[in-house]
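Student: Next up is a structure, given as C-alpha cells.
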Amino acid sequence: MTEMSLDEAAEMIKDGSLISLSGNLLFRIPAAFVRELARQEKKDLRVMKTAGGYDVDLLCGLGCVKEVIAGFVSFEVFGLAKNFRKAVEEGRVKYSENTCYSVIAALRAAAYGIPFMPIADISRSYFVKERGFKFVENPYGGGKVLTVPAIKPDYAILHVQKADEDGNALIYGPWFEDVLMARAAKNIILTAEMIVPTEELRREIDAVWIPKLKVKAVVEVRNGAYPGACPPYYDMDFEMMEKYANLDEEELKSHIWEVRP
Amino acid sequence: MTEMSLDEAAEMIKDGSLISLSGNLLFRIPAAFVRELARQEKKDLRVMKTAGGYDVDLLCGLGCVKEVIAGFVSFEVFGLAKNFRKAVEEGRVKYSENTCYSVIAALRAAAYGIPFMPIADISRSYFVKERGFKFVENPYGGGKVLTVPAIKPDYAILHVQKADEDGNALIYGPWFEDVLMARAAKNIILTAEMIVPTEELRREIDAVWIPKLKVKAVVEVRNGAYPGACPPYYDMDFEMMEKYANLDEEELKSHIWEVRP
Amino acid sequence: MNLLERANYMISAMARLLKDADSAFMGVASFLPFLAIAVTKRLYNPDLVWYSIVGFNPNPYRMPMSTVHPLIAEYCDAKLQLAEIFDISARGELDVVFLAGAQIDSRGYLNNSHIYINGKRLQFPGGAGGALLHATAKRPIVWQGKHDPRIFVREAQRITAAGKPYRVFTPLCIFRLDRELGRLVTDSIHPWSSYEEIKEKTGFEVNDAPTTPEPSDEEIEIIQELDPKGIRQLVLQ
Amino acid sequence: MNLLERANYMISAMARLLKDADSAFMGVASFLPFLAIAVTKRLYNPDLVWYSIVGFNPNPYRMPMSTVHPLIAEYCDAKLQLAEIFDISARGELDVVFLAGAQIDSRGYLNNSHIYINGKRLQFPGGAGGALLHATAKRPIVWQGKHDPRIFVREAQRITAAGKPYRVFTPLCIFRLDRELGRLVTDSIHPWSSYEEIKEKTGFEVNDAPTTPEPSDEEIEIIQELDPKGIRQLVLQ
C-alpha cells in the first residue's frame with residue numbers, strides 16, 4: 001500500500017531532483033502537488049515537460065527551480081508566464097530550451113532503455129548546439145543523423161483521474177507525455193481525483209494504464225489539477241488563472257497557502 | 001470513399017510487395033485477406049510480423065512468399081507451422097529471422113521517420129550478424145550501441161473490429177504491433193468485421209484509432225480473422241486449426257477455396 | 001474595420017488555403033487556425049484530417065478559450081498521443097502546420113526563444129513543436145497577431161525554427177516565400193492596410209501586392225457560430 | 001507418476017521461485033508458466049505483476065488453449081502494447097521471464113532457430129522475444145517439456161538467445177547456472193527420475209542433487225481449478 005498524504009508524498013522529492021510533470025498547459029497538471037512542493041520550499045529542482053504553464057511558472061516564481069527542460073512555458077490566452085520569464089531573464093533559472101519533439105525523444109530513449117534517440121534534422125534551431133545534441137554517422141549509409149540523449153527523470157509526477165491504493169492508475173482522454181514519462185522515470189508519484197477499488201480500474205481495459213511498479217506514493221487529491229482542468233470532472237478556472245497571471249511576488253507567496261490543497 | 005470488395009483490395013498488392021500483417025498468432029489476424037492473396041496467386045511477397053501463425057504459414061505453403069521477416073512462426077498448442085517450416089528447410093522461402101524486439105525496433109524507426117533505432121545489446125544472438133545489424137559509437141560516451149535499420153512496409157494489412165467507409169478504424173483490446181505498422185507503412189489496407197457510420201467510431205475515444213490517411217482500401221469482412229479470434233465477437237476455431245495443421249499439399253490448395261471469404 | 005472583421009479576413013484567407021490540404025495541425029493558443037480549419041472543413045474540404053494536441057478531428061460546437069481545452073478532446077474522433085504528431089511530420093506525412101512566431105525573419109525563420117535588447121535578455125515562451133514542424137511539414141503556415149519592425153526582422157537573433165513557410169499571416173498582409181529569392185514577398189495586402197504601411201512596419205524589403213479577398217457570408221456565419229464572443233480578436237490586440 | 005502429476009511438480013517449483021518476484025512475463029504457448037504465476041499470485045505473492053502478450057495481470061478463471069487467447073485479454077487489468085514488455089526488460093525493470101528452448105546448452109544459451117543434421121536444415125519457429133529477454137531480464141527461467149541429449153547439448157549450433165538463466169526446468173530435473181563455473185548444474189531431481197537418467201539423457205556433465213519437493217495440496221487445487229482438462233500435460237508429451 002502506497003497511499004499517503006500529500007505532504008508525505010512531497011517529502012520524497014529531494015532538493016535537486018529531476019522531476020517530470022504530467023499534462024499540458026492547463027490540462028491535467030499536478031497543480032496541488034506542485035503547490036505542496038513550494039510550501040515545503042524545495043530548492044534546485046530540475047523540471048521537465050514539453051509544454052508547461054501554471055505548474056512550471058509557480059515553482060520558478062517561488063525559487064524552487066534551478067533548471068527548466070521544456071519546449072514551451074506560457075499561459076496561452078492569459079499571456080506570458082511572468083514568473084518563469086523573470087526568473088530566466090534574471091538568470092535565477094536556467095531554461096534548457098528544447099522543442100517538444102526533443103523532450104519526447106529524450107523520454108523515449110529512457111523509456112526504451114537506450115542511450116539516445118535519432119531524430120529528424122532540426123540542427124538549424126539554435127538550441128540544438130546549446131543542448132549538445134550530436135550527430136552520428138548512419139551505419140546503414142546516407143550521411144549523418146541527429147540524436148538526443150536519454151533523460152531519465154528521478155520522479156514522474158502524474159495527476160490522474162483514478163488510482164487504487166497500491167498505485168495502479170487510469171488516465172482518461174489525452175495522455176500527452178504522461179505514459180512515456182511514467183515508463184522513463186526511476187520513480188512515480190501519483191495524485192488522483194479518486195482512489196477506487198482495483199476492480200473498478202480493471203473494468204476499463206481500453207483506458208491508459210499506469211501499473212503500480214515504480215509508484216512510490218499515491219495521494220487522493222480532489223481538484224488536484226486546479227486551476228487546471230481534469231476532464232471529465234472539471235474545467236479550467238479561467239478567472240483564477242487571470243488572477244494568478246497578475247499576482248505580485250508577495251501575493252504569489254500567499255497563493256500557495258490560500259489555494260488548497 | 002475507399003470501401004471495396006476483398007478481391008479488389010487484394011489486387012492492390014503487387015508481386016514482390018513487403019506486407020506487414022496484424023495481430024499475433026491466432027489473434028485478430030487478416031486471415032480472409034491472406035486467403036484472397038493466395039487465391040490470386042501472388043508471388044514473391046515479403047511478409048513481416050513479430051509472431052506469425054496461420055497467416056504466414058498459409059502464404060508460405062501456397063508459394064506466395066519469398067521472404068519472412070519475423071521473430072516466431074508457429075501454431076502454439078497445434079505444433080509447428082508445417083508449411084512454413086518445409087518452405088524454409090527446402091530453401092523456397094528465406095526466413096530473415098529476427099527477434100520480436102528487433103521487428104518492433106525496425107517498425108519504430110519507420111514510424112518515427114528516422115533511419116535506425118538503437119537497441120539493447122543482443123549481439124550474441126546469431127541473427128544479429130546475419131541481418132547486418134550494426135553498432136554505432138554512442139556520441140555521448142559509454143561505448144558502442146547496437147542498431148536496427150528502419151523497415152517501411154509497402155502495405156500494413158490490418159483486420160479490425162470497426163471501420164467507416166472512408167477507412168477510419170477502431171481496434172478494441174490488444175493492438176500488438178498494429179498501430180505501429182499502420183504508422184510505419186506507406187499504405188494501409190483494412191478488413192473490418194463491420195463498416196459503421198463515422199459517428200459510431202467517434203463515441204469511443206479511448207479505443208485505438210487508425211485515421212483514414214494512407215488507407216487505400218477498407219473491406220467489410222465478417223469473420224475476417226477466422227480461424228483466428230476477433231474478440232469480442234468470436235473465439236479461435238481450434239477444431240479448424242487442428243485440421244489445418246494436418247492438411248497435405250492438395251488439401252491446402254482447396255482450403256483457400258473452401259474457407260470463405 | 002474592427003478587430004473581429006479583421007480576424008475574419010485572416011481566417012477566411014487561411015481557410016481557402018486549406019482547400020486542397022489533406023491534413024492540418026494546430027498547436028496551443030491557435031484561435032485563428034482553429035477557426036480557419038473549422039471553416040474549411042465545413043465549406044471546402046470535409047475530408048481534411050485535423051490534428052490537435054488532444055486528438056484527431058476536433059468537432060466542437062464552439063471554440064474554447066484554449067486550443068488544449070477538454071472541450072476539444074471531448075468531441076474528437078479519437079485521442080492522439082502528442083508524440084504522434086511529430087512522428088507524422090518527421091515521416092513527411094504532415095501537410096499543413098500552423099506556427100506562431102514571436103519574431104519572423106525575411107527567410108521565414110522563427111524566433112520564439114529570446115532576444116537581447118541592449119544586453120538585456122527578453123524571454124519568449126519557447127518554440128513548442130515548431131523546430132521540427134517548420135523543418136518537416138509540407139506547408140507551414142506562419143501567423144502573428146502584431147506587425148511591427150521588431151517582429152518582422154531581416155535576420156532573427158536566435159533561430160528557434162527554420163523552414164520554408166507556405167504563407168505568413170500578419171494583421172496587415174500575407175507574405176509568401178519566394179523560393180528563388182529565398183525570402184518573403186508580399187502576396188496580398190489586407191484592405192485596411194497599404195504598401196506604405198507595410199514598408200514602414202517591416203524590417204525587411206517588401207513589395208506591393210493585390211488586396212486580400214474579403215470573407216464570404218458563409219465563412220463569417222461559421223466563424224460567428226463557433227466564436228460568438230469574439231475570442232479571435234484577442235490575438236490581434 | 002502420470003504426466004499431470006509431473007506437471008504439477010514443475011509448476012509448484014516454478015511458483016515457489018516467484019515468491020519474491022516483483023514481475024513476471026510469460027509469452028506464447030506457456031502453459032506451465034501460466035499456472036505457476038497464477039499459483040504464486042494466489043498463495044504466495046499477490047503483488048506480483050504478471051505481464052502477458054495481451055495485457056497486464058490476466059485474471060482468467062481458467063487456462064485457455066493459448067496464452068495469447070482473448071479470454072486472457074478479457075480479464076486483464078489493462079491491455080499492454082507488446083513493445084512495452086521489451087522496453088521494460090531493456091530498461092532492466094523486468095524481474096522474471098519464462099523462456100522455452102528448443103535446444104538448451106550447458107551455458108544456459110537457447111537455440112530456437114534451426115540446426116543442421118547431416119547437412120539437412122531442421123527449422124524451429126524462431127526465438128520470439130527471447131533474444132532480448134534472456135539478455136536483459138533479471139531472472140530468466142528456462143523450460144522444456146522434453147529431456148534428451150539432442151535438446152540439452154554442450155554448445156548450441158546457433159545461439160538465438162544468450163543470457164544467464166536463473167533456473168532451467170526439464171521434465172527430469174531443475175538446473176541452475178553456476179556463475180563461477182559458467183555452466184548449468186543440477187539443482188534438484190524430480191522424484192520420478194535419477195542422477196543416472198539425467199546423466200544419460202544430457203549432452204553435458206551433470207551432478208547429483210536433492211529431490212524436487214512435492215507440490216502442496218493448495219497448489220494442486222489451484223492448478224486443477226484453472227486447468228481441469230489437463231492442458232498442462234500437452235507440453236510434456
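Residue numbering restarts at 1 in every chain; chains get A, B, ... in the order shown in the C-alpha cells, and ligands count up from 1 in that same order.
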Any idea what's packed within 6 Å of A:Ala184, counting only C-alpha atoms, ignoring anything in its chain fewer than 6 positions away? Could you give it as a list in words?
Tutor: Leu107, Ala110, Ala111 and Lys152 of chain A
Student: What residues in chain B lie within 6 Å of chain D, counting only C-alpha atoms, written as a list in words?
Tutor: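 Applying the cut-off to the listed atoms yields Gly71, Phe72, Val73, Ser74, Glu76, Arg85, Glu89, Thr99, Cys100, Ile122, Ser125, Tyr126, Pro174 and Phe176 of chain B.
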Student: Need to verify the contact set: stretch 211-226 of chain A, 9 Å, only C-alpha atoms, exclusion of same-chain residues closer than 6 positions in sequence. Can you return it as a ChimeraX atom specification?
Tutor: /A:1-6,8-9,12,26-33,159-160,162-170,182,185-195,233-237,259,261 /D:22-23,49,56,78
Student: Please run DSSP on the backbone and report, as a VMD selection string, all residues within stretch 12-86 of chain C that come out as alpha helix (DSSP H).
Tutor: chain C and resid 12 to 17 31 to 43 70 to 74 82 to 86
Student: Which residues are near B:Leu21? Cut-off 8 Å, only C-alpha atoms, ignore same chain within fewer than 3 positions. Put them as a ChimeraX atom specification.
Tutor: /B:29-30,47-49,156-158,178
